[in-house]
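A.B. asks: Got a structure for you, written out below as structure tokens; questions coming shortly.
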Amino acid sequence: MTLTKRARAYGLQPTYTVVDGPDRTAPPDTLTALLKAFGADTAPPLEVEPRLAAPENTACFLPPDTHLWGIALQLYQLRSSRNWGIGDFADLEHLARIVAPMGADFLGLNPLHALFLAAPTQCSPFSPSNRRFLNPLYLAVDRVPGFLPDMVADAELDSLRQSDLVDYAGVASVKLRVLRSIWDGGAALPDSFLLEGGDALHRHALFDALSAHMVAQGHGAGWRNWPGAWHDLNGKAVQDFAQQHQDQVRFFQWLQYLCNHQLHSLRALCDQLGMRIGLYLDFAVGEAADGSGSWGSPDVLADVRIGSPPDAYNEQGQDWGLAPLSPLAMARSHAAPFRALIADATRQAGALRIDHAMGLWQLYLIPPGATAAAGTYARYPVTNMLFALADASRANRTVIIGEDLGNVPDGFQDVMEACNILSYRIYFFERGAKGFIPPADYPQSALACLSTHDLPTFRGWWRGDDIALRKRFGLIAAKGARKQDRDRKAERADVLVDLQKAGLLTAAQACQITPDDATPDLITAIHAHLATAPSHLFAARLEDLAAELHPVNIPATVDEYPNWRRKLSLTLDELVQTPLFQTTLAAIAAARPGSPSRSRTQSRGGR
């Protein structure tokens, strides 16, 4: 059998299609390396070649009330006079109490997945240790039973609050120290929570305990940097550690209990306030190769990385450094690992955004030692994936949004629509030969938004700062930057024309707006314009409501830019009193009044 035929038999694509570009051929070394990583020497090939189609009875849940809106934010970026240098669940309760009476029906959040507590500077919410559990750094420690104010010095908290970037190491040190004091004081850990969490909860807590121990011994926080004896979850070294450090393991289990309790309380508050979706959470496309999710799991390919092929935004391609679930293991088990993950995720959320939704069908995989440009696509059992997603969505009454950006295969969005998976429509990308697509022409089965975490703020986009940053970090060449600058000039002109046609800007206002910056009138007008879309959901990004300039993340950078660390310039209380915030939310609410009833049709439970 030729290498090409053998690759196809295991779901690998020897050639693949990219949007607005010629088909590409995967290097033979890539196919050989991925087949080895898949275990093709001993594992049989796929029984059935996956086919991109929407099976019957796979409709995800949609609420009876649509044309809803909410606010999207990065939780860590919230400033307040009471938090400990990072936004927390109590800050979200405060925000919900403010925006729900203004008409907002959801709060959209960055992934809340568990990261590496022993290495808190590894702060990307899209590179989790485990997607099944939550990040304890988001706990409002002052709301934990047993907390006493004298457990932490005011000066220590003031220093954490005043920094413009989240000091993850400082936050983790203070929070874990105080939480440990509360635990040592006799905090309760219900047996029912341990029973429900089962082996998965114990493994994650054991990982966190062992990770802290290994960092103290001079090793890394992830298991791939530990001595070999510790790689085996069931080996003697790990089992002895678990036996000798039972209290430490229970402490980390208790942290997950607190996270679930505070998140559940937040969801209950959203229900009480009449928010028809409440929490809109984000589900990352993969997990860190050395985190608790991959530790001891035969379902994860820890040596393979997920990424994306080269495109106009990154001419080198992207390596996201995430380990994928094995396509073969998924096919053999009818997507059982994904089913378990998505069942937990939907129990926590009124809406769930699936990052890189095309992963339901295929992922761009990069073998060990290869560059991002040398990867290729591998197919997943899409029918089983869709059944699992729809079952979880309906069981937990969770709206599903699929991030369908980038290299979207032909027919994939049709499958999404057939399955009630909302498309993710970003204004910056909705552009045709005659300019920006009018919001009136957006699909109904979608979430519309101005921008997202991987893109510039509206002010930054207007100024063209994102182009300069991509050039500065070598993500595009000078020629590509010049073309994007020319395109941006035309895009700015189109925005002003469209807003005047819509009656949202006067000619006099438009004349006063220069390429140097976006005025408050322009920011309000663009939100009001996009909010008129017939799409089921509309999300306004908190950074734009705060008139922030700098992006929260520049994809394909690591240390070159302070990704996932920037706080808002204003505290939450200061922000919600600004004319821009008040005026823009009033304009959105006027454009999307929703249904007369603010009551939820059914309250949801949560662990």
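The way I read the labels, and the way they are meant: chains A, B, ... in the order of the structure tokens, residue 1 as the first residue of every chain, and ligand 1 as the first ligand shown, with later ones counted on from there.
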Running DSSP on the backbone, which parts of region 492-560 of chain A land in alpha helix (DSSP H), as a ChimeraX atom specification?
C.D. replies: /A:492-501,507-512,520-531,542-545
A.B. asks: Which residues, written as a list of chain:residue names, have at least one atom at most 6 Å from region 66-83 of chain A, with only C-alpha atoms counted and residues fewer than 4 positions away on the same chain left out?
C.D. replies: A:Gly87, A:Ala104, A:Asp105, A:Phe106, A:Leu107, A:Gly108, A:Leu109, A:Asn110, A:His536, A:Leu537, A:Phe538, A:Ala539, A:Ala540, A:Arg541, A:Leu542, A:Lys567, A:Leu568, A:Thr571, A:Leu572, A:Gly594
A.B. asks: Convert the current residue selection to file output with N, CA and C atoms, as a PDB file, in the first residue's frame.
C.D. replies:
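The resulting selection_5.pdb:
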ATOM      1  N   GLY A  87      -9.672  39.592  37.931  1.00  0.00           N
ATOM      2  CA  GLY A  87     -11.123  39.493  37.979  1.00  0.00           C
ATOM      3  C   GLY A  87     -11.562  38.152  38.530  1.00  0.00           C
ATOM      4  N   ALA A 104     -29.204  43.070  29.017  1.00  0.00           N
ATOM      5  CA  ALA A 104     -28.258  42.020  28.628  1.00  0.00           C
ATOM      6  C   ALA A 104     -28.762  40.656  29.082  1.00  0.00           C
ATOM      7  N   ASP A 105     -28.602  39.655  28.217  1.00  0.00           N
ATOM      8  CA  ASP A 105     -29.060  38.299  28.527  1.00  0.00           C
ATOM      9  C   ASP A 105     -27.930  37.306  28.748  1.00  0.00           C
ATOM     10  N   PHE A 106     -26.683  37.743  28.578  1.00  0.00           N
ATOM     11  CA  PHE A 106     -25.582  36.822  28.876  1.00  0.00           C
ATOM     12  C   PHE A 106     -24.303  37.587  29.135  1.00  0.00           C
ATOM     13  N   LEU A 107     -23.404  36.912  29.837  1.00  0.00           N
ATOM     14  CA  LEU A 107     -22.024  37.336  30.004  1.00  0.00           C
ATOM     15  C   LEU A 107     -21.149  36.282  29.342  1.00  0.00           C
ATOM     16  N   GLY A 108     -20.423  36.662  28.290  1.00  0.00           N
ATOM     17  CA  GLY A 108     -19.558  35.734  27.576  1.00  0.00           C
ATOM     18  C   GLY A 108     -18.146  35.810  28.101  1.00  0.00           C
ATOM     19  N   LEU A 109     -17.559  34.664  28.434  1.00  0.00           N
ATOM     20  CA  LEU A 109     -16.273  34.634  29.131  1.00  0.00           C
ATOM     21  C   LEU A 109     -15.214  33.870  28.344  1.00  0.00           C
ATOM     22  N   ASN A 110     -13.949  34.228  28.603  1.00  0.00           N
ATOM     23  CA  ASN A 110     -12.838  33.413  28.135  1.00  0.00           C
ATOM     24  C   ASN A 110     -12.942  32.027  28.775  1.00  0.00           C
ATOM     25  N   HIS A 536     -29.358  35.456  15.950  1.00  0.00           N
ATOM     26  CA  HIS A 536     -29.959  35.120  17.250  1.00  0.00           C
ATOM     27  C   HIS A 536     -29.285  35.855  18.399  1.00  0.00           C
ATOM     28  N   LEU A 537     -27.936  35.965  18.348  1.00  0.00           N
ATOM     29  CA  LEU A 537     -27.194  36.558  19.448  1.00  0.00           C
ATOM     30  C   LEU A 537     -26.281  37.666  18.938  1.00  0.00           C
ATOM     31  N   PHE A 538     -26.048  38.638  19.803  1.00  0.00           N
ATOM     32  CA  PHE A 538     -25.071  39.701  19.535  1.00  0.00           C
ATOM     33  C   PHE A 538     -24.259  39.916  20.801  1.00  0.00           C
ATOM     34  N   ALA A 539     -22.921  40.004  20.656  1.00  0.00           N
ATOM     35  CA  ALA A 539     -22.035  40.203  21.806  1.00  0.00           C
ATOM     36  C   ALA A 539     -21.229  41.465  21.616  1.00  0.00           C
ATOM     37  N   ALA A 540     -21.263  42.343  22.616  1.00  0.00           N
ATOM     38  CA  ALA A 540     -20.416  43.531  22.644  1.00  0.00           C
ATOM     39  C   ALA A 540     -19.220  43.244  23.536  1.00  0.00           C
ATOM     40  N   ARG A 541     -18.037  43.508  23.050  1.00  0.00           N
ATOM     41  CA  ARG A 541     -16.822  43.192  23.812  1.00  0.00           C
ATOM     42  C   ARG A 541     -16.540  44.299  24.824  1.00  0.00           C
ATOM     43  N   LEU A 542     -16.236  43.892  26.049  1.00  0.00           N
ATOM     44  CA  LEU A 542     -16.048  44.862  27.111  1.00  0.00           C
ATOM     45  C   LEU A 542     -14.883  45.805  26.827  1.00  0.00           C
ATOM     46  N   LYS A 567      -5.033  44.264  31.974  1.00  0.00           N
ATOM     47  CA  LYS A 567      -6.272  44.620  32.664  1.00  0.00           C
ATOM     48  C   LYS A 567      -6.940  45.791  31.936  1.00  0.00           C
ATOM     49  N   LEU A 568      -8.214  45.990  32.209  1.00  0.00           N
ATOM     50  CA  LEU A 568      -8.884  47.182  31.730  1.00  0.00           C
ATOM     51  C   LEU A 568      -8.269  48.418  32.394  1.00  0.00           C
ATOM     52  N   THR A 571     -11.611  50.656  36.642  1.00  0.00           N
ATOM     53  CA  THR A 571     -12.280  49.666  37.476  1.00  0.00           C
ATOM     54  C   THR A 571     -13.688  49.447  36.936  1.00  0.00           C
ATOM     55  N   LEU A 572     -14.291  48.357  37.345  1.00  0.00           N
ATOM     56  CA  LEU A 572     -15.640  48.039  36.882  1.00  0.00           C
ATOM     57  C   LEU A 572     -16.620  49.153  37.245  1.00  0.00           C
ATOM     58  N   GLY A 594     -35.511  42.078  22.039  1.00  0.00           N
ATOM     59  CA  GLY A 594     -35.851  40.703  22.432  1.00  0.00           C
ATOM     60  C   GLY A 594     -37.335  40.542  22.629  1.00  0.00           C
TER      61      GLY A 594
END
A.B. asks: If we count only C-alpha atoms and set the cut-off at 7 Å, which residues sit around region 242-253 of chain A, ignoring sequence neighbours fewer than 4 positions away in its own chain? Please answer as a VMD selection string.
C.D. replies: chain A and resid 183 201 205 to 206 208 to 209 238 257
A.B. asks: Restrict the calculation to only C-alpha atoms, then for each residue of region 88-169 of chain A with any atom at most 10 Å from an atom of region 218-227 of chain A give the closest atom pair and their distance in Å to one decimal, rows by chain and rising residue number, as a tab-separated table.
C.D. replies:
residue	atom	partner	partner_atom	distance
A:Phe116	CA	A:Ala221	CA	6.8
A:Leu117	CA	A:Ala221	CA	8.3
A:Ala118	CA	A:Ala221	CA	5.8
A:Ala119	CA	A:Ala221	CA	5.9
A:Pro120	CA	A:Ala221	CA	9.5
A:Gln122	CA	A:Ala221	CA	9.8
A:Ser129	CA	A:Gly222	CA	8.5
A.B. asks: Okay, now the selection with C-alpha atoms, as a short mmCIF file (atom, residue, chain, number, x, y, z; two decimals), in the first residue's frame?
C.D. replies:
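File produced: part-v3.cif:
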data_model
loop_
_atom_site.label_atom_id
_atom_site.label_comp_id
_atom_site.auth_asym_id
_atom_site.auth_seq_id
_atom_site.Cartn_x
_atom_site.Cartn_y
_atom_site.Cartn_z
CA PHE A 116 -1.16 25.04 35.84
CA LEU A 117 -1.39 26.33 39.42
CA ALA A 118 2.28 25.50 39.97
CA ALA A 119 3.27 27.58 36.92
CA PRO A 120 0.79 30.48 37.00
CA GLN A 122 1.44 29.92 31.82
CA SER A 129 -4.14 21.64 31.80
#
A.B. asks: When distances are computed from only C-alpha atoms, which of A:Leu139, A:Leu450, A:Ala33, A:Ala188 shows the smallest separation from Cys259 (chain A)?
C.D. replies: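 Selected residue with least distance to Cys259 (chain A): A:Leu139.
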A.B. asks: Using only C-alpha atoms, which of A:Ala370, A:Val497, A:Asp441, A:Pro145 sits nearest Pro27 (chain A)?
C.D. replies: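 Checking each of A:Ala370, A:Val497, A:Asp441, A:Pro145 against Pro27 (chain A), counting only C-alpha atoms, the winner is A:Ala370.
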A.B. asks: Please run DSSP on the backbone and report, as a tab-separated table (two decimals) with N, CA, C and O atoms, in the first residue's frame, all residues within region 295-507 of chain A that come out as strand (DSSP E or B).
C.D. replies:
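Contents of the output file part_12.tsv:
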chain	number	residue	atom	x	y	z
A	300	VAL	N	-5.05	10.75	24.24
A	300	VAL	CA	-4.43	12.03	23.85
A	300	VAL	C	-3.09	11.76	23.17
A	300	VAL	O	-2.30	10.94	23.64
A	305	ARG	N	0.91	18.35	17.84
A	305	ARG	CA	0.36	19.66	18.18
A	305	ARG	C	-0.71	20.08	17.17
A	305	ARG	O	-0.61	19.77	15.98
A	306	ILE	N	-1.71	20.77	17.68
A	306	ILE	CA	-2.76	21.35	16.84
A	306	ILE	C	-2.30	22.72	16.38
A	306	ILE	O	-1.66	23.47	17.12
A	307	GLY	N	-2.66	23.09	15.16
A	307	GLY	CA	-2.32	24.41	14.64
A	307	GLY	C	-3.19	24.79	13.47
A	307	GLY	O	-4.34	24.31	13.35
A	308	SER	N	-2.68	25.64	12.61
A	308	SER	CA	-3.42	26.05	11.41
A	308	SER	C	-2.41	26.32	10.30
A	308	SER	O	-1.26	26.72	10.57
A	318	GLN	N	0.39	28.52	12.08
A	318	GLN	CA	0.34	28.65	13.54
A	318	GLN	C	0.48	27.29	14.21
A	318	GLN	O	-0.13	26.32	13.77
A	319	ASP	N	1.27	27.29	15.26
A	319	ASP	CA	1.44	26.11	16.11
A	319	ASP	C	0.87	26.48	17.47
A	319	ASP	O	1.45	27.28	18.20
A	320	TRP	N	-0.29	25.93	17.81
A	320	TRP	CA	-0.96	26.31	19.05
A	320	TRP	C	-0.44	25.54	20.26
A	320	TRP	O	-0.84	25.82	21.39
A	321	GLY	N	0.44	24.58	20.03
A	321	GLY	CA	1.05	23.86	21.14
A	321	GLY	C	0.07	23.02	21.95
A	321	GLY	O	0.35	22.69	23.11
A	322	LEU	N	-1.04	22.64	21.35
A	322	LEU	CA	-2.07	21.87	22.06
A	322	LEU	C	-2.06	20.43	21.59
A	322	LEU	O	-1.87	20.15	20.40
A	323	ALA	N	-2.28	19.52	22.51
A	323	ALA	CA	-2.33	18.10	22.16
A	323	ALA	C	-3.75	17.70	21.78
A	323	ALA	O	-4.70	18.03	22.50
A	325	LEU	N	-7.00	15.07	20.92
A	325	LEU	CA	-7.51	13.72	21.14
A	325	LEU	C	-7.18	12.88	19.91
A	325	LEU	O	-7.22	13.37	18.78
A	351	ALA	N	-24.78	29.00	27.41
A	351	ALA	CA	-24.29	28.96	26.02
A	351	ALA	C	-22.84	28.55	26.06
A	351	ALA	O	-22.11	28.84	27.03
A	352	LEU	N	-22.40	27.86	25.04
A	352	LEU	CA	-21.03	27.37	24.98
A	352	LEU	C	-20.48	27.62	23.59
A	352	LEU	O	-21.07	27.21	22.58
A	353	ARG	N	-19.35	28.31	23.54
A	353	ARG	CA	-18.66	28.55	22.27
A	353	ARG	C	-17.60	27.47	22.09
A	353	ARG	O	-16.76	27.26	22.96
A	354	ILE	N	-17.65	26.78	20.97
A	354	ILE	CA	-16.68	25.74	20.65
A	354	ILE	C	-15.56	26.39	19.86
A	354	ILE	O	-15.74	26.79	18.70
A	362	GLN	N	-12.30	18.04	11.43
A	362	GLN	CA	-10.89	17.82	11.14
A	362	GLN	C	-10.03	18.80	11.94
A	362	GLN	O	-10.48	19.90	12.28
A	363	LEU	N	-8.80	18.40	12.22
A	363	LEU	CA	-7.83	19.26	12.87
A	363	LEU	C	-6.54	19.25	12.08
A	363	LEU	O	-6.13	18.20	11.54
A	364	TYR	N	-5.89	20.40	12.04
A	364	TYR	CA	-4.58	20.52	11.40
A	364	TYR	C	-3.53	20.09	12.43
A	364	TYR	O	-3.35	20.74	13.46
A	365	LEU	N	-2.87	18.99	12.16
A	365	LEU	CA	-1.94	18.39	13.11
A	365	LEU	C	-0.50	18.53	12.63
A	365	LEU	O	-0.21	18.36	11.44
A	366	ILE	N	0.38	18.83	13.58
A	366	ILE	CA	1.80	19.04	13.30
A	366	ILE	C	2.59	17.96	14.02
A	366	ILE	O	2.48	17.82	15.25
A	376	THR	N	-0.70	18.73	8.42
A	376	THR	CA	-1.80	18.36	7.52
A	376	THR	C	-3.02	18.06	8.37
A	376	THR	O	-2.96	18.01	9.60
A	377	TYR	N	-4.15	17.84	7.70
A	377	TYR	CA	-5.41	17.62	8.40
A	377	TYR	C	-5.66	16.14	8.67
A	377	TYR	O	-5.29	15.27	7.87
A	378	ALA	N	-6.29	15.88	9.81
A	378	ALA	CA	-6.74	14.53	10.17
A	378	ALA	C	-8.24	14.60	10.45
A	378	ALA	O	-8.72	15.55	11.08
A	379	ARG	N	-8.95	13.61	9.98
A	379	ARG	CA	-10.40	13.59	10.10
A	379	ARG	C	-10.84	12.90	11.39
A	379	ARG	O	-10.22	11.94	11.85
A	399	VAL	N	-27.14	26.63	24.55
A	399	VAL	CA	-26.97	27.09	23.18
A	399	VAL	C	-25.52	26.83	22.76
A	399	VAL	O	-24.59	27.08	23.53
A	400	ILE	N	-25.30	26.36	21.54
A	400	ILE	CA	-23.96	26.06	21.05
A	400	ILE	C	-23.59	27.05	19.94
A	400	ILE	O	-24.33	27.23	18.98
A	401	ILE	N	-22.43	27.69	20.11
A	401	ILE	CA	-21.87	28.57	19.09
A	401	ILE	C	-20.58	27.94	18.59
A	401	ILE	O	-19.73	27.52	19.38
A	402	GLY	N	-20.43	27.85	17.30
A	402	GLY	CA	-19.22	27.26	16.72
A	402	GLY	C	-18.34	28.34	16.13
A	402	GLY	O	-18.78	29.07	15.24
A	422	LEU	N	-24.76	27.70	16.16
A	422	LEU	CA	-24.72	29.06	15.64
A	422	LEU	C	-23.35	29.38	15.06
A	422	LEU	O	-22.32	29.06	15.64
A	423	SER	N	-23.36	30.04	13.92
A	423	SER	CA	-22.13	30.51	13.30
A	423	SER	C	-21.59	31.71	14.10
A	423	SER	O	-22.33	32.35	14.85
A	424	TYR	N	-20.31	32.01	13.92
A	424	TYR	CA	-19.65	33.08	14.66
A	424	TYR	C	-19.24	34.15	13.66
A	424	TYR	O	-18.25	33.99	12.95
A	425	ARG	N	-20.02	35.21	13.57
A	425	ARG	CA	-19.81	36.21	12.53
A	425	ARG	C	-19.19	37.48	13.10
A	425	ARG	O	-19.81	38.18	13.89
A	426	ILE	N	-17.97	37.75	12.67
A	426	ILE	CA	-17.21	38.91	13.13
A	426	ILE	C	-17.25	39.99	12.05
A	426	ILE	O	-16.92	39.74	10.89
A	431	ARG	N	-17.02	40.77	4.77
A	431	ARG	CA	-16.74	41.76	3.73
A	431	ARG	C	-16.77	41.09	2.37
A	431	ARG	O	-16.27	39.98	2.19
A	432	GLY	N	-17.37	41.77	1.41
A	432	GLY	CA	-17.45	41.26	0.05
A	432	GLY	C	-16.83	42.24	-0.93
A	432	GLY	O	-16.14	43.19	-0.55
A	435	GLY	N	-17.76	45.93	-0.31
A	435	GLY	CA	-17.56	46.50	1.02
A	435	GLY	C	-18.07	45.57	2.09
A	435	GLY	O	-18.22	44.36	1.88
A	436	PHE	N	-18.35	46.12	3.28
A	436	PHE	CA	-18.83	45.31	4.38
A	436	PHE	C	-20.25	44.81	4.10
A	436	PHE	O	-21.10	45.55	3.59
A	446	ALA	N	-26.75	32.59	13.98
A	446	ALA	CA	-25.39	33.08	14.20
A	446	ALA	C	-25.33	33.92	15.46
A	446	ALA	O	-26.34	34.38	15.99
A	447	LEU	N	-24.10	34.11	15.94
A	447	LEU	CA	-23.77	35.15	16.90
A	447	LEU	C	-22.96	36.19	16.14
A	447	LEU	O	-21.98	35.86	15.47
A	448	ALA	N	-23.39	37.44	16.21
A	448	ALA	CA	-22.69	38.54	15.56
A	448	ALA	C	-21.88	39.31	16.61
A	448	ALA	O	-22.35	39.51	17.73
A	449	CYS	N	-20.69	39.73	16.25
A	449	CYS	CA	-19.87	40.54	17.14
A	449	CYS	C	-18.91	41.38	16.32
A	449	CYS	O	-18.68	41.11	15.13
A.B. asks: Write out as number ranges by chain which residues come within 12 Å of Thr506 (chain A) when counting only C-alpha atoms, dropping same-chain ones fewer than 6 positions away.
C.D. replies: A: 496-500, 512-513, 521-522, 525
A.B. asks: Between A:Leu31, A:Leu3, A:Met385, A:Ala357, single out the one closest to Met330 (chain A), counting only C-alpha atoms.
C.D. replies: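 Comparing A:Leu31, A:Leu3, A:Met385, A:Ala357 against Met330 (chain A), the winner is A:Met385.
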A.B. asks: In terms of the shortest atom-to-atom distance over only C-alpha atoms, which of A:Gln162, A:Asp344, A:Ala40, A:Lys236 is closest to Ser569 (chain A)?
C.D. replies: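 With only C-alpha atoms as the atom set, the closest residue is A:Gln162.
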A.B. asks: Find the spatial neighbours of Pro327 (chain A), counting only C-alpha atoms, within a cut-off of 12 Å - ignore same-chain residues fewer than 6 positions away - and output them as a count of residues only.
C.D. replies: 41
A.B. asks: As a list in words, please: the residues near Thr58 (chain A) (cut-off 9 Å, only C-alpha atoms, same-chain neighbours under 4 positions excluded).
C.D. replies: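 Listed by chain and then number, they are Ala54, Leu386, Phe387, Ala388, Leu389, Ala390, Asp391, Ala418, Cys419 and Asn420 of chain A.
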A.B. asks: Could you state the separation of CA of Leu504 (chain A) and CA of Leu405 (chain A) in Å, given to one decimal place?
C.D. replies: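 Taking CA of Leu504 (chain A) and CA of Leu405 (chain A), their separation equals 28.5 Å.
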A.B. asks: Could you name the residues that touch Ile523 (chain A) at 10 Å or less, counting only C-alpha atoms, but leaving out those on the same chain fewer than 4 positions away, as a ChimeraX atom specification?
C.D. replies: /A:458-459,518-519,527-528,544-545,547,580,584
